>>> print(open('protein-v6.csv').read())   # CSV, C-alpha atoms
chain,number,residue,atom,x,y,z
A,1,MET,CA,102.8,-30.1,76.9
A,2,THR,CA,99.8,-28.0,75.7
A,3,ALA,CA,97.7,-31.1,75.0
A,4,GLY,CA,98.6,-32.5,78.4
A,5,SER,CA,97.6,-29.3,80.2
A,6,ASN,CA,94.3,-29.2,78.3
A,7,SER,CA,93.6,-32.8,79.2
A,8,GLY,CA,94.3,-32.1,82.9
A,9,THR,CA,92.0,-29.1,82.7
A,10,HIS,CA,89.2,-31.0,81.1
A,11,PHE,CA,89.6,-33.7,83.8
A,12,HIS,CA,89.2,-31.3,86.6
A,13,VAL,CA,86.3,-29.6,85.0
A,14,ALA,CA,84.6,-32.9,84.4
A,15,ALA,CA,85.2,-34.0,87.9
A,16,ALA,CA,83.7,-30.7,89.3
A,17,GLY,CA,80.8,-31.0,86.9
A,18,ALA,CA,80.0,-34.5,88.1
A,19,ALA,CA,79.8,-33.3,91.7
A,20,SER,CA,76.4,-32.5,93.3
A,21,PHE,CA,77.9,-29.2,94.7
A,22,PRO,CA,80.5,-28.1,92.1
A,23,ALA,CA,80.8,-24.6,93.5
A,24,LEU,CA,81.6,-26.0,96.9
A,25,GLN,CA,84.1,-28.4,95.4
A,26,ALA,CA,85.8,-25.6,93.5
A,27,ALA,CA,86.0,-23.5,96.6
A,28,VAL,CA,87.3,-26.3,98.9
A,29,GLY,CA,89.8,-27.7,96.4
A,30,PRO,CA,92.6,-25.1,96.6
A,31,TRP,CA,92.9,-25.2,100.4
A,32,LEU,CA,92.1,-28.9,101.0
A,33,PRO,CA,95.7,-30.1,101.2
A,34,TYR,CA,96.5,-27.4,103.8
A,35,ALA,CA,93.4,-28.2,105.8
A,36,MET,CA,94.3,-31.9,105.8
A,37,ALA,CA,97.8,-31.2,106.9
A,38,GLY,CA,96.6,-28.8,109.6
A,39,ALA,CA,94.0,-31.3,110.9
A,40,ALA,CA,96.6,-34.1,111.0
A,41,ALA,CA,99.1,-31.8,112.9
A,42,CYS,CA,96.5,-30.8,115.5
A,43,CYS,CA,95.3,-34.3,116.1
A,44,THR,CA,98.9,-35.6,116.4
A,45,LEU,CA,99.8,-32.8,118.8
A,46,LEU,CA,96.7,-33.4,121.0
A,47,ILE,CA,97.3,-37.2,121.1
A,48,LEU,CA,101.0,-36.7,122.0
A,49,LEU,CA,100.0,-34.4,124.8
A,50,MET,CA,97.5,-36.9,126.2
A,51,ALA,CA,100.0,-39.7,125.9
A,52,LEU,CA,103.2,-38.1,127.1
A,53,ALA,CA,102.0,-35.2,129.4
A,54,PRO,CA,98.7,-36.4,130.8
A,55,THR,CA,98.8,-34.3,133.9
A,56,ALA,CA,99.8,-31.0,132.2
A,57,ALA,CA,97.2,-28.2,132.5
A,58,ILE,CA,97.3,-27.5,128.8
A,59,THR,CA,96.6,-31.2,128.1
A,60,GLN,CA,93.6,-31.4,130.4
A,61,ARG,CA,92.1,-28.1,129.0
A,62,SER,CA,92.6,-29.2,125.4
A,63,ALA,CA,91.3,-32.7,126.0
A,64,ARG,CA,88.2,-31.5,127.8
A,65,SER,CA,87.5,-28.9,125.2
A,66,ASN,CA,85.1,-29.7,122.4
A,67,THR,CA,86.7,-27.2,120.0
A,68,PRO,CA,89.0,-29.7,118.2
A,69,LEU,CA,86.1,-32.1,117.5
A,70,VAL,CA,83.9,-29.3,116.3
A,71,VAL,CA,86.5,-28.0,113.9
A,72,LEU,CA,87.2,-31.5,112.7
A,73,GLY,CA,83.5,-32.1,112.2
A,74,VAL,CA,83.0,-28.9,110.3
A,75,LEU,CA,85.9,-29.7,108.0
A,76,TYR,CA,84.7,-33.2,107.5
A,77,GLY,CA,81.2,-32.0,106.6
A,78,ALA,CA,82.5,-29.5,104.1
A,79,VAL,CA,84.7,-32.1,102.4
A,80,LEU,CA,82.0,-34.7,102.4
A,81,LEU,CA,79.5,-32.3,100.7
A,82,ALA,CA,82.2,-31.4,98.2
A,83,SER,CA,82.8,-35.0,97.5
A,84,TRP,CA,79.2,-35.9,97.0
A,85,SER,CA,78.1,-36.9,93.5
A,86,PRO,CA,74.7,-38.1,92.2
A,87,ASP,CA,76.0,-41.7,92.2
A,88,THR,CA,77.6,-41.6,95.7
A,89,LEU,CA,74.7,-43.2,97.5
A,90,HIS,CA,74.3,-45.9,94.8
A,91,LEU,CA,78.0,-46.8,95.1
A,92,MET,CA,77.7,-46.9,98.9
A,93,MET,CA,74.6,-49.1,98.8
A,94,PRO,CA,74.4,-50.8,95.4
A,95,GLY,CA,71.4,-53.0,94.5
A,96,SER,CA,67.7,-52.6,94.2
A,97,LEU,CA,64.6,-53.6,96.1
A,98,GLU,CA,63.3,-55.4,93.1
A,99,GLU,CA,66.4,-57.7,92.9
A,100,GLY,CA,66.1,-58.4,96.6
A,101,LEU,CA,62.5,-59.6,96.4
A,102,LYS,CA,63.1,-62.0,93.5
A,103,GLY,CA,63.4,-64.9,95.9
A,104,GLY,CA,66.2,-66.8,97.6
A,105,PHE,CA,69.1,-65.3,99.5
A,106,ASN,CA,69.9,-62.1,97.5
A,107,PRO,CA,71.0,-59.3,99.9
A,108,GLN,CA,71.0,-55.8,98.5
A,109,PHE,CA,72.4,-52.4,99.5
A,110,PHE,CA,75.7,-53.8,100.7
A,111,PRO,CA,79.0,-52.1,99.5
A,112,THR,CA,80.9,-54.2,97.0
A,113,LEU,CA,84.7,-54.1,96.4
A,114,GLY,CA,84.2,-52.5,93.0
A,115,SER,CA,82.0,-49.7,94.4
A,116,VAL,CA,84.4,-49.0,97.3
A,117,MET,CA,87.3,-48.8,94.9
A,118,ALA,CA,85.3,-46.5,92.6
A,119,LEU,CA,84.5,-44.2,95.6
A,120,PHE,CA,88.0,-44.0,97.0
A,121,SER,CA,89.5,-43.4,93.6
A,122,ARG,CA,88.0,-39.9,93.9
A,123,PRO,CA,90.3,-37.5,95.8
A,124,PHE,CA,87.6,-35.7,97.7
A,125,THR,CA,86.0,-38.9,98.8
A,126,ALA,CA,89.3,-40.2,100.0
A,127,ALA,CA,90.0,-37.0,101.9
A,128,SER,CA,86.6,-37.2,103.6
A,129,PHE,CA,87.3,-40.8,104.6
A,130,LEU,CA,90.7,-39.8,106.1
A,131,LEU,CA,89.0,-37.1,108.1
A,132,HIS,CA,86.3,-39.5,109.2
A,133,VAL,CA,89.0,-41.9,110.5
A,134,ALA,CA,90.9,-39.1,112.2
A,135,ALA,CA,87.7,-38.0,114.0
A,136,ILE,CA,87.0,-41.5,115.2
A,137,ASN,CA,90.6,-42.1,116.4
A,138,LEU,CA,90.7,-38.7,118.2
A,139,ILE,CA,87.4,-39.4,119.9
A,140,ALA,CA,88.7,-42.9,121.0
A,141,ALA,CA,92.0,-41.4,122.3
A,142,ARG,CA,90.2,-38.7,124.1
A,143,SER,CA,87.8,-41.1,125.7
A,144,ALA,CA,90.6,-43.3,126.9
A,145,TYR,CA,92.5,-40.3,128.3
A,146,LEU,CA,89.5,-38.8,130.2
A,147,ASP,CA,88.5,-42.2,131.6
A,148,GLY,CA,92.1,-42.8,132.7
A,149,LEU,CA,92.1,-39.6,134.7
A,150,VAL,CA,89.1,-41.0,136.7
A,151,SER,CA,90.2,-44.7,136.9
A,152,ARG,CA,93.9,-44.0,137.5
A,153,VAL,CA,95.2,-46.5,135.0
A,154,PRO,CA,98.0,-45.9,132.5
A,155,THR,CA,96.6,-44.7,129.2
A,156,ALA,CA,99.7,-43.8,127.1
A,157,HIS,CA,99.7,-47.1,125.2
A,158,SER,CA,96.0,-47.0,124.6
A,159,ILE,CA,96.0,-43.4,123.4
A,160,LEU,CA,98.9,-44.1,121.0
A,161,LEU,CA,97.1,-47.2,119.7
A,162,SER,CA,93.9,-45.2,119.3
A,163,ALA,CA,95.8,-42.7,117.1
A,164,VAL,CA,96.1,-45.5,114.5
A,165,VAL,CA,93.1,-47.8,115.2
A,166,GLY,CA,90.7,-46.1,117.5
A,167,PRO,CA,88.4,-49.1,118.4
A,168,LEU,CA,91.4,-51.3,119.2
A,169,GLY,CA,92.8,-48.4,121.4
A,170,LEU,CA,89.5,-48.4,123.4
A,171,LEU,CA,89.6,-52.2,123.7
A,172,CYS,CA,93.2,-51.9,124.9
A,173,HIS,CA,92.1,-49.4,127.6
A,174,GLN,CA,89.4,-51.7,128.8
A,175,LEU,CA,91.8,-54.6,129.0
A,176,THR,CA,94.2,-52.4,131.0
A,177,LYS,CA,91.4,-51.5,133.4
A,178,GLY,CA,90.4,-55.2,133.7
A,179,THR,CA,94.0,-56.2,134.3
A,180,TYR,CA,94.4,-53.8,137.2
A,181,SER,CA,91.1,-54.9,138.7
A,182,LEU,CA,92.2,-58.6,138.4
A,183,LEU,CA,95.6,-57.9,140.0
A,184,ALA,CA,93.9,-56.0,142.8
A,185,ALA,CA,91.6,-59.0,143.4
A,186,LEU,CA,94.5,-61.5,143.4
A,187,THR,CA,96.9,-59.5,145.5
A,188,GLY,CA,94.6,-57.5,147.7
A,189,LYS,CA,96.6,-54.4,146.8
A,190,ASP,CA,95.8,-51.4,144.6
A,191,LEU,CA,98.6,-51.4,142.1
A,192,ARG,CA,97.4,-48.4,140.1
A,193,PRO,CA,99.7,-45.4,140.0
A,194,ALA,CA,99.4,-43.0,142.9
A,195,ALA,CA,96.7,-40.4,142.6
A,196,ARG,CA,97.8,-36.9,141.7
A,197,PRO,CA,95.9,-33.8,142.5
A,198,VAL,CA,94.6,-31.8,139.5
A,199,ALA,CA,94.8,-28.1,139.7
A,200,GLU,CA,92.4,-25.8,137.8
A,201,LYS,CA,93.5,-22.2,137.6
A,202,SER,CA,91.2,-19.2,136.8
A,203,GLY,CA,91.2,-15.5,137.3
A,204,SER,CA,89.9,-15.8,140.9
A,205,GLY,CA,92.5,-18.4,142.0
A,206,THR,CA,93.4,-22.0,141.9
A,207,ILE,CA,91.2,-25.0,142.8
A,208,THR,CA,92.7,-28.3,143.5
A,209,ILE,CA,90.5,-31.2,142.4
A,210,MET,CA,91.5,-34.6,143.8
A,211,PRO,CA,91.1,-37.6,141.4
A,212,TYR,CA,88.1,-39.8,141.9
A,213,GLU,CA,88.6,-43.2,143.6
>>> encode(input="protein-v6.csv", output="C-alpha cells")
Amino acid sequence: MTAGSNSGTHFHVAAAGAASFPALQAAVGPWLPYAMAGAAACCTLLILLMALAPTAAITQRSARSNTPLVVLGVLYGAVLLASWSPDTLHLMMPGSLEEGLKGGFNPQFFPTLGSVMALFSRPFTAASFLLHVAAINLIAARSAYLDGLVSRVPTAHSILLSAVVGPLGLLCHQLTKGTYSLLAALTGKDLRPAARPVAEKSGSGTITIMPYE
C-alpha cells in the first residue's frame, strides 16, 4: 500500500511539473470536480427552463443574461491554462514547415489520432474540452431560444438537441423555421403558435412587450 501511494504521489507531482503553470494546476485541481459538476448543473437547468418554460420570466431573464456564459468562460480559461503543457501546441498541430516544403502533397500542422489521444488522456485537458463543448452547446441552445421568441416557432426540440450537439440543434431550429415558412406559403395561413405578450417587471412597474411579427 505504501509503495502504491508513493507511486500515485510521484505521478501527480510529475504531471504538475510537466504543466506550464504548475501552481495554477495545483490550485485548480482540488475544486475542479465540484466546478465541473456545478457547471453541468447550471447548464442543464438553464436549458431545461428554455425548453420547458420558455415564457416564464425567470427563463427570459436568465437566457438574456450574459452571466452564465461569462462564468463558464472564466472557468474554461482557468482549466485550459492549468492543462497547458510545453508540448500542447505541438500535439494540437504536429509537423514542421521543413517537412511541408519537401515537395509533393505533405500537409502539416493537422491533428493526428495519436496526438488527440495523447492530449485527452490528460485529465485537465479532457476537462477543458468538456467545458468547451458545454459552452458551445449552451450558446447554441440560447441562440435558438432567443430567435424562437422573435420568430414564434417551437424551439423545445432544437434546444434539447443543442444540449447534446449544439450545431445540429441550430440546424434543427433553422429547419423548423423553414418548415413553417413553407407551410405558410403552401396553405396561405400562419401556422405558428399564437403570439404571447411578454411582461417585463421592474421597480417602477410592468411593461408588456408584444412579440415581433
>>> closest_atom_pairs(input="protein-v6.csv", of="stretch 81-195 of chain A", to="stretch 32-48 of chain A", cutoff="8 Å", atoms="all atoms listed in the file", output="JSON lines")
{"residue": "A:Ala127", "atom": "CA", "partner": "A:Met36", "partner_atom": "CA", "distance": 7.7}
{"residue": "A:Leu131", "atom": "CA", "partner": "A:Met36", "partner_atom": "CA", "distance": 7.8}
{"residue": "A:Ala134", "atom": "CA", "partner": "A:Cys43", "partner_atom": "CA", "distance": 7.6}
{"residue": "A:Leu138", "atom": "CA", "partner": "A:Cys43", "partner_atom": "CA", "distance": 6.7}
{"residue": "A:Ala141", "atom": "CA", "partner": "A:Ile47", "partner_atom": "CA", "distance": 6.9}
{"residue": "A:Arg142", "atom": "CA", "partner": "A:Ile47", "partner_atom": "CA", "distance": 7.9}
{"residue": "A:Ile159", "atom": "CA", "partner": "A:Ile47", "partner_atom": "CA", "distance": 6.7}
{"residue": "A:Leu160", "atom": "CA", "partner": "A:Ile47", "partner_atom": "CA", "distance": 7.1}
{"residue": "A:Ala163", "atom": "CA", "partner": "A:Ile47", "partner_atom": "CA", "distance": 7.0}
>>> closest_residue(input="protein-v6.csv", among="A:Ser181, A:Thr55, A:Thr125, A:Ser20", to="A:Ser151", atoms="all atoms listed in the file")
A:Ser181
>>> atom_distance(input="protein-v6.csv", atom1="atom CA of A:Ala19", atom2="atom CA of A:Met92")
15.5 Å
>>> residues_around(input="protein-v6.csv", residues="A:Leu161", least_positions_apart="5", cutoff="10 Å", atoms="all atoms listed in the file", output="NGL selection string")
:A and (137 or 140-141 or 155-156 or 166-173)
>>> atom_distance(input="protein-v6.csv", atom1="atom CA of A:Ala51", atom2="atom CA of A:Ala63")
11.2 Å
>>> closest_residue(input="protein-v6.csv", among="A:Ala82, A:Gly188, A:Thr88, A:Ala126", to="A:Pro111", atoms="all atoms listed in the file")
A:Thr88
>>> closest_residue(input="protein-v6.csv", among="A:Pro94, A:Val71, A:Leu191, A:Ser85", to="A:Gly114", atoms="all atoms listed in the file")
A:Pro94
>>> atom_distance(input="protein-v6.csv", atom1="atom CA of A:Leu175", atom2="atom CA of A:Arg61")
26.5 Å
>>> closest_residue(input="protein-v6.csv", among="A:Pro54, A:Gly77, A:Gly178, A:Pro86", to="A:Tyr145", atoms="only C-alpha atoms")
A:Pro54
>>> closest_residue(input="protein-v6.csv", among="A:Ser158, A:Thr179, A:Ser143, A:Ser121", to="A:Arg64", atoms="all atoms listed in the file")
A:Ser143
>>> closest_residue(input="protein-v6.csv", among="A:Leu119, A:Met93, A:Leu80, A:Leu149", to="A:Ala56", atoms="only C-alpha atoms")
A:Leu149
>>> decode(input="protein-v6.csv", residues="stretch 57-77 of chain A", atoms="N, CA, C and O atoms", output="compact mmCIF listing (two decimals), in the first residue's frame")
# COMPACT_ATOMS: atom_id res chain seq x y z
N ALA A 57 -40.83 34.30 -16.74
CA ALA A 57 -39.99 35.49 -16.58
C ALA A 57 -38.56 35.12 -16.19
O ALA A 57 -37.59 35.70 -16.69
N ILE A 58 -38.41 34.13 -15.30
CA ILE A 58 -37.07 33.74 -14.87
C ILE A 58 -36.27 33.15 -16.03
O ILE A 58 -35.05 33.35 -16.13
N THR A 59 -36.96 32.46 -16.93
CA THR A 59 -36.28 31.89 -18.10
C THR A 59 -35.76 32.99 -19.01
O THR A 59 -34.61 32.97 -19.45
N GLN A 60 -36.61 33.97 -19.27
CA GLN A 60 -36.22 35.04 -20.19
C GLN A 60 -35.10 35.90 -19.60
O GLN A 60 -34.18 36.30 -20.31
N ARG A 61 -35.18 36.16 -18.30
CA ARG A 61 -34.10 36.94 -17.67
C ARG A 61 -32.79 36.16 -17.71
O ARG A 61 -31.73 36.72 -18.00
N SER A 62 -32.86 34.88 -17.40
CA SER A 62 -31.64 34.06 -17.37
C SER A 62 -31.04 33.90 -18.76
O SER A 62 -29.81 33.96 -18.93
N ALA A 63 -31.89 33.69 -19.76
CA ALA A 63 -31.40 33.47 -21.12
C ALA A 63 -30.80 34.74 -21.71
O ALA A 63 -29.85 34.68 -22.49
N ARG A 64 -31.36 35.88 -21.34
CA ARG A 64 -30.85 37.15 -21.88
C ARG A 64 -29.60 37.62 -21.14
O ARG A 64 -28.87 38.47 -21.63
N SER A 65 -29.37 37.07 -19.96
CA SER A 65 -28.20 37.47 -19.18
C SER A 65 -26.94 36.83 -19.74
O SER A 65 -26.94 35.66 -20.16
N ASN A 66 -25.85 37.58 -19.73
CA ASN A 66 -24.56 37.04 -20.17
C ASN A 66 -23.78 36.39 -19.03
O ASN A 66 -22.71 35.82 -19.27
N THR A 67 -24.31 36.47 -17.82
CA THR A 67 -23.58 35.96 -16.66
C THR A 67 -23.22 34.48 -16.78
O THR A 67 -22.06 34.10 -16.52
N PRO A 68 -24.17 33.59 -17.16
CA PRO A 68 -23.78 32.17 -17.27
C PRO A 68 -22.63 31.94 -18.25
O PRO A 68 -21.74 31.13 -17.97
N LEU A 69 -22.65 32.66 -19.37
CA LEU A 69 -21.58 32.48 -20.35
C LEU A 69 -20.26 33.03 -19.85
O LEU A 69 -19.20 32.45 -20.11
N VAL A 70 -20.31 34.15 -19.12
CA VAL A 70 -19.08 34.73 -18.58
C VAL A 70 -18.46 33.78 -17.55
O VAL A 70 -17.25 33.52 -17.56
N VAL A 71 -19.29 33.25 -16.65
CA VAL A 71 -18.79 32.32 -15.63
C VAL A 71 -18.20 31.08 -16.29
O VAL A 71 -17.11 30.61 -15.92
N LEU A 72 -18.91 30.56 -17.28
CA LEU A 72 -18.42 29.36 -17.97
C LEU A 72 -17.12 29.67 -18.71
O LEU A 72 -16.19 28.84 -18.74
N GLY A 73 -17.02 30.86 -19.29
CA GLY A 73 -15.80 31.24 -20.00
C GLY A 73 -14.61 31.40 -19.07
O GLY A 73 -13.49 30.98 -19.40
N VAL A 74 -14.84 32.00 -17.90
CA VAL A 74 -13.75 32.15 -16.92
C VAL A 74 -13.28 30.78 -16.44
O VAL A 74 -12.07 30.52 -16.33
N LEU A 75 -14.24 29.91 -16.14
CA LEU A 75 -13.88 28.55 -15.69
C LEU A 75 -13.11 27.81 -16.78
O LEU A 75 -12.09 27.16 -16.50
N TYR A 76 -13.57 27.93 -18.01
CA TYR A 76 -12.88 27.27 -19.12
C TYR A 76 -11.46 27.81 -19.28
O TYR A 76 -10.51 27.04 -19.48
N GLY A 77 -11.31 29.13 -19.20
CA GLY A 77 -9.98 29.72 -19.34
C GLY A 77 -9.03 29.25 -18.25
O GLY A 77 -7.85 28.94 -18.52
